[in-house]
Amino acid sequence: MNKTSGATLPSLTLARACAWGLLVAGWVGLGCFALQLAPSVSIGFALVALWLLALGAAAAVATRGGMRWWTRAVALCVSTSIVGGGLWYAAHGGGLPPLLLALIGWATLTALASGVVRSLRLAQTVVVGPPIAAASLGALCAGLVLGDLGDLPGLALRLIAFVGSIAVVLVLLQRRIDDSLRAPGCRAGLFDCSLPAWPAGAWRDTVQWPTLMAGLAMLPMMAALPLAAAWCRAQSIAPQAMVLIHLAAMFGPALVLRRSIGRWSVRTLSIVCTALLASGAALALWAAAPFDLLGVTVTHGAAWGLAWGGQLWAPARRGQRGTSPLRAGAGYAALTLGFGLIVQQAGVIGVVAVHAALGVIAALAWLLVATARAWSRGTTARPNLPAAAQHARHSGGR
């Protein structure tokens, strides 16, 4: 690995923004293509699940270390060409086969972007902080590029220009910076540990359940965003506005609170996530359209963003390092398939029901924690009651 003067902190920030822009634009943009070109909603979600699985597999290779900068530059150019050709033909009558090529190409491109971020971070001479600002910038750029999700030819042109520009930037940023063969691995493997998943052991701690539920909220929101934009169009809400509201809710609170969230305890973060998830569940169940979906978008998006930011500031919550990202990708893919079956059967009601379930589970978990704490306090104080009563009797007698 060469630590050059070109490996500056602004370069790392820009690379992180590019990587997050690819993730967000790919998840939503490819989801639009899949749901419009697939013969059924469940197959559309299956294509998104395939992309997530391919992303995990590609990240397992692209972030393991040892890749030369010129090799990655060639791979960036090739994967970008595959994405461009696949999206163009898919939008102009090619159907699913070119879309499958675009899915694989985009997954590879996103994984390579993760490798660029990793190399630039390892080339720094100082410790860098969490990429909350960079991720927010990337999400904003992706939201502006996505635009009207219903116009596939126009969307294809914008996405092709977007990935082409990002590929050029990444090639220039990682110029003459090679990977280290023995660099420490990231547990999630994406964007240099910037998209971690909660460790499995955290589920044994009921206090963390609301935060875990908030971390899961991203998947149904991102997967259903193309459908939600179409549903909101029927309520006279522009799809572009829906996308931007969604992304602002996910990244805005974490960006505003990025300095203070690192000092939150596990319990404080859990309380905040519980309040947001429960509020979203109430809006989903009782608010009138379109405020039900908008309410869920804002509250559950903010819950995810704060849970994500809390993880980035607390390395102890991020689990074991060195785990393959393929496992995380497979988990996301399996959940996406299950969510697709629910939406296939119930439509918008299924989306609302999933988000309501997240809020109800979080509220019940916190109620269980509060009850256990109250019981523990009562049990601790009970042995002292006889002595206190005896003292009171003696005092009264005197």
# chains A, B, ... in the order shown; residues from 1 in each chain; ligands from 1

$ residues_around --residues "segment 221-228 of chain A" --least-positions-apart "5" --cutoff "10 Å" --atoms "only C-alpha atoms" --output "JSON, numbers by chain"
{"A": [24, 27, 28, 29, 30, 31, 32, 33, 34, 35, 36, 41, 44, 45, 48, 49, 149, 150, 216, 233, 239, 242, 243, 246, 247, 250, 293, 294, 296, 297, 300, 301, 336, 339, 340, 343, 347, 348, 351, 354, 355]}

$ closest_atom_pairs --of "segment 54-148 of chain A" --to "segment 255-267 of chain A" --cutoff "10 Å" --atoms "only C-alpha atoms" --output "Markdown table"
| residue | atom | partner | partner_atom | distance |
| --- | --- | --- | --- | --- |
| A:Pro130 | CA | A:Arg258 | CA | 8.9 |
| A:Pro131 | CA | A:Leu255 | CA | 9.7 |
| A:Ile132 | CA | A:Leu255 | CA | 6.0 |
| A:Ala133 | CA | A:Leu255 | CA | 6.1 |
| A:Ala134 | CA | A:Leu255 | CA | 9.6 |
| A:Ala135 | CA | A:Leu255 | CA | 9.2 |
| A:Ser136 | CA | A:Leu255 | CA | 7.2 |

$ write_last_selection --atoms "C-alpha atoms" --output "tab-separated table (two decimals), in the first residue's frame"
chain	number	residue	atom	x	y	z
A	130	PRO	CA	-17.84	8.13	10.61
A	131	PRO	CA	-18.98	9.08	7.08
A	132	ILE	CA	-22.39	10.47	8.03
A	133	ALA	CA	-21.92	13.71	6.09
A	134	ALA	CA	-20.48	11.89	3.06
A	135	ALA	CA	-23.31	9.36	3.04
A	136	SER	CA	-25.87	12.16	3.26

$ residues_around --residues "Val83 of chain A" --least-positions-apart "2" --cutoff "9 Å" --atoms "only C-alpha atoms" --output "ChimeraX atom specification"
/A:78-81,85-88,98-99,101-106,109,160,163

$ closest_residue --among "A:Ser165, A:Thr299, A:Ser236, A:Gln124" --to "Phe251 of chain A" --atoms "only C-alpha atoms"
A:Thr299

$ select_by_dssp --residues "segment 117-247 of chain A" --states "helix (DSSP H, G or I)" --output "PyMOL selection string"
chain A and resi 117-122+132-146+152-173+200-204+206-216+218-233+239-247

$ atom_distance --atom1 "atom CA of Trp69 of chain A" --atom2 "atom CA of Gln174 of chain A"
6.5 Å

$ atom_distance --atom1 "atom CA of Leu172 of chain A" --atom2 "atom CA of Leu22 of chain A"
16.7 Å

$ closest_residue --among "A:Gly138, A:Gly280, A:Gly147, A:Gly305" --to "Met218 of chain A" --atoms "only C-alpha atoms"
A:Gly305

$ decode --residues "segment 232-277 of chain A" --atoms "C-alpha atoms" --output "PDB file, in the first residue's frame"
ATOM      1  CA  CYS A 232     -48.360   8.704  -3.728  1.00  0.00           C
ATOM      2  CA  ARG A 233     -48.783   9.851  -7.320  1.00  0.00           C
ATOM      3  CA  ALA A 234     -52.411   8.814  -6.987  1.00  0.00           C
ATOM      4  CA  GLN A 235     -52.591  11.150  -3.953  1.00  0.00           C
ATOM      5  CA  SER A 236     -51.190  14.082  -5.968  1.00  0.00           C
ATOM      6  CA  ILE A 237     -47.704  13.768  -4.448  1.00  0.00           C
ATOM      7  CA  ALA A 238     -44.867  13.967  -6.964  1.00  0.00           C
ATOM      8  CA  PRO A 239     -42.642  10.850  -7.011  1.00  0.00           C
ATOM      9  CA  GLN A 240     -39.541  13.053  -6.874  1.00  0.00           C
ATOM     10  CA  ALA A 241     -40.819  14.652  -3.667  1.00  0.00           C
ATOM     11  CA  MET A 242     -41.533  11.240  -2.144  1.00  0.00           C
ATOM     12  CA  VAL A 243     -37.999  10.037  -2.876  1.00  0.00           C
ATOM     13  CA  LEU A 244     -36.391  13.166  -1.438  1.00  0.00           C
ATOM     14  CA  ILE A 245     -38.589  13.081   1.684  1.00  0.00           C
ATOM     15  CA  HIS A 246     -37.641   9.450   2.178  1.00  0.00           C
ATOM     16  CA  LEU A 247     -33.901  10.064   1.904  1.00  0.00           C
ATOM     17  CA  ALA A 248     -34.038  13.258   3.986  1.00  0.00           C
ATOM     18  CA  ALA A 249     -35.756  11.331   6.782  1.00  0.00           C
ATOM     19  CA  MET A 250     -33.105   8.601   6.664  1.00  0.00           C
ATOM     20  CA  PHE A 251     -30.027  10.809   6.673  1.00  0.00           C
ATOM     21  CA  GLY A 252     -31.166  14.230   7.935  1.00  0.00           C
ATOM     22  CA  PRO A 253     -31.559  13.516  11.683  1.00  0.00           C
ATOM     23  CA  ALA A 254     -28.331  11.513  11.786  1.00  0.00           C
ATOM     24  CA  LEU A 255     -26.527  14.379  10.046  1.00  0.00           C
ATOM     25  CA  VAL A 256     -27.916  17.042  12.386  1.00  0.00           C
ATOM     26  CA  LEU A 257     -27.204  14.989  15.530  1.00  0.00           C
ATOM     27  CA  ARG A 258     -23.924  13.464  14.355  1.00  0.00           C
ATOM     28  CA  ARG A 259     -21.909  15.264  17.064  1.00  0.00           C
ATOM     29  CA  SER A 260     -24.111  14.286  19.987  1.00  0.00           C
ATOM     30  CA  ILE A 261     -25.286  10.800  19.049  1.00  0.00           C
ATOM     31  CA  GLY A 262     -21.875   9.359  19.868  1.00  0.00           C
ATOM     32  CA  ARG A 263     -22.471  10.192  23.543  1.00  0.00           C
ATOM     33  CA  TRP A 264     -25.846   8.434  23.699  1.00  0.00           C
ATOM     34  CA  SER A 265     -26.040   5.316  25.780  1.00  0.00           C
ATOM     35  CA  VAL A 266     -27.554   2.092  24.453  1.00  0.00           C
ATOM     36  CA  ARG A 267     -30.654   2.797  26.541  1.00  0.00           C
ATOM     37  CA  THR A 268     -31.067   6.363  25.245  1.00  0.00           C
ATOM     38  CA  LEU A 269     -30.740   5.248  21.633  1.00  0.00           C
ATOM     39  CA  SER A 270     -33.251   2.486  22.285  1.00  0.00           C
ATOM     40  CA  ILE A 271     -35.762   4.925  23.812  1.00  0.00           C
ATOM     41  CA  VAL A 272     -35.517   7.274  20.834  1.00  0.00           C
ATOM     42  CA  CYS A 273     -35.900   4.421  18.338  1.00  0.00           C
ATOM     43  CA  THR A 274     -38.889   3.082  20.265  1.00  0.00           C
ATOM     44  CA  ALA A 275     -40.614   6.474  20.196  1.00  0.00           C
ATOM     45  CA  LEU A 276     -40.047   6.884  16.451  1.00  0.00           C
ATOM     46  CA  LEU A 277     -41.051   3.334  15.513  1.00  0.00           C
TER      47      LEU A 277
END
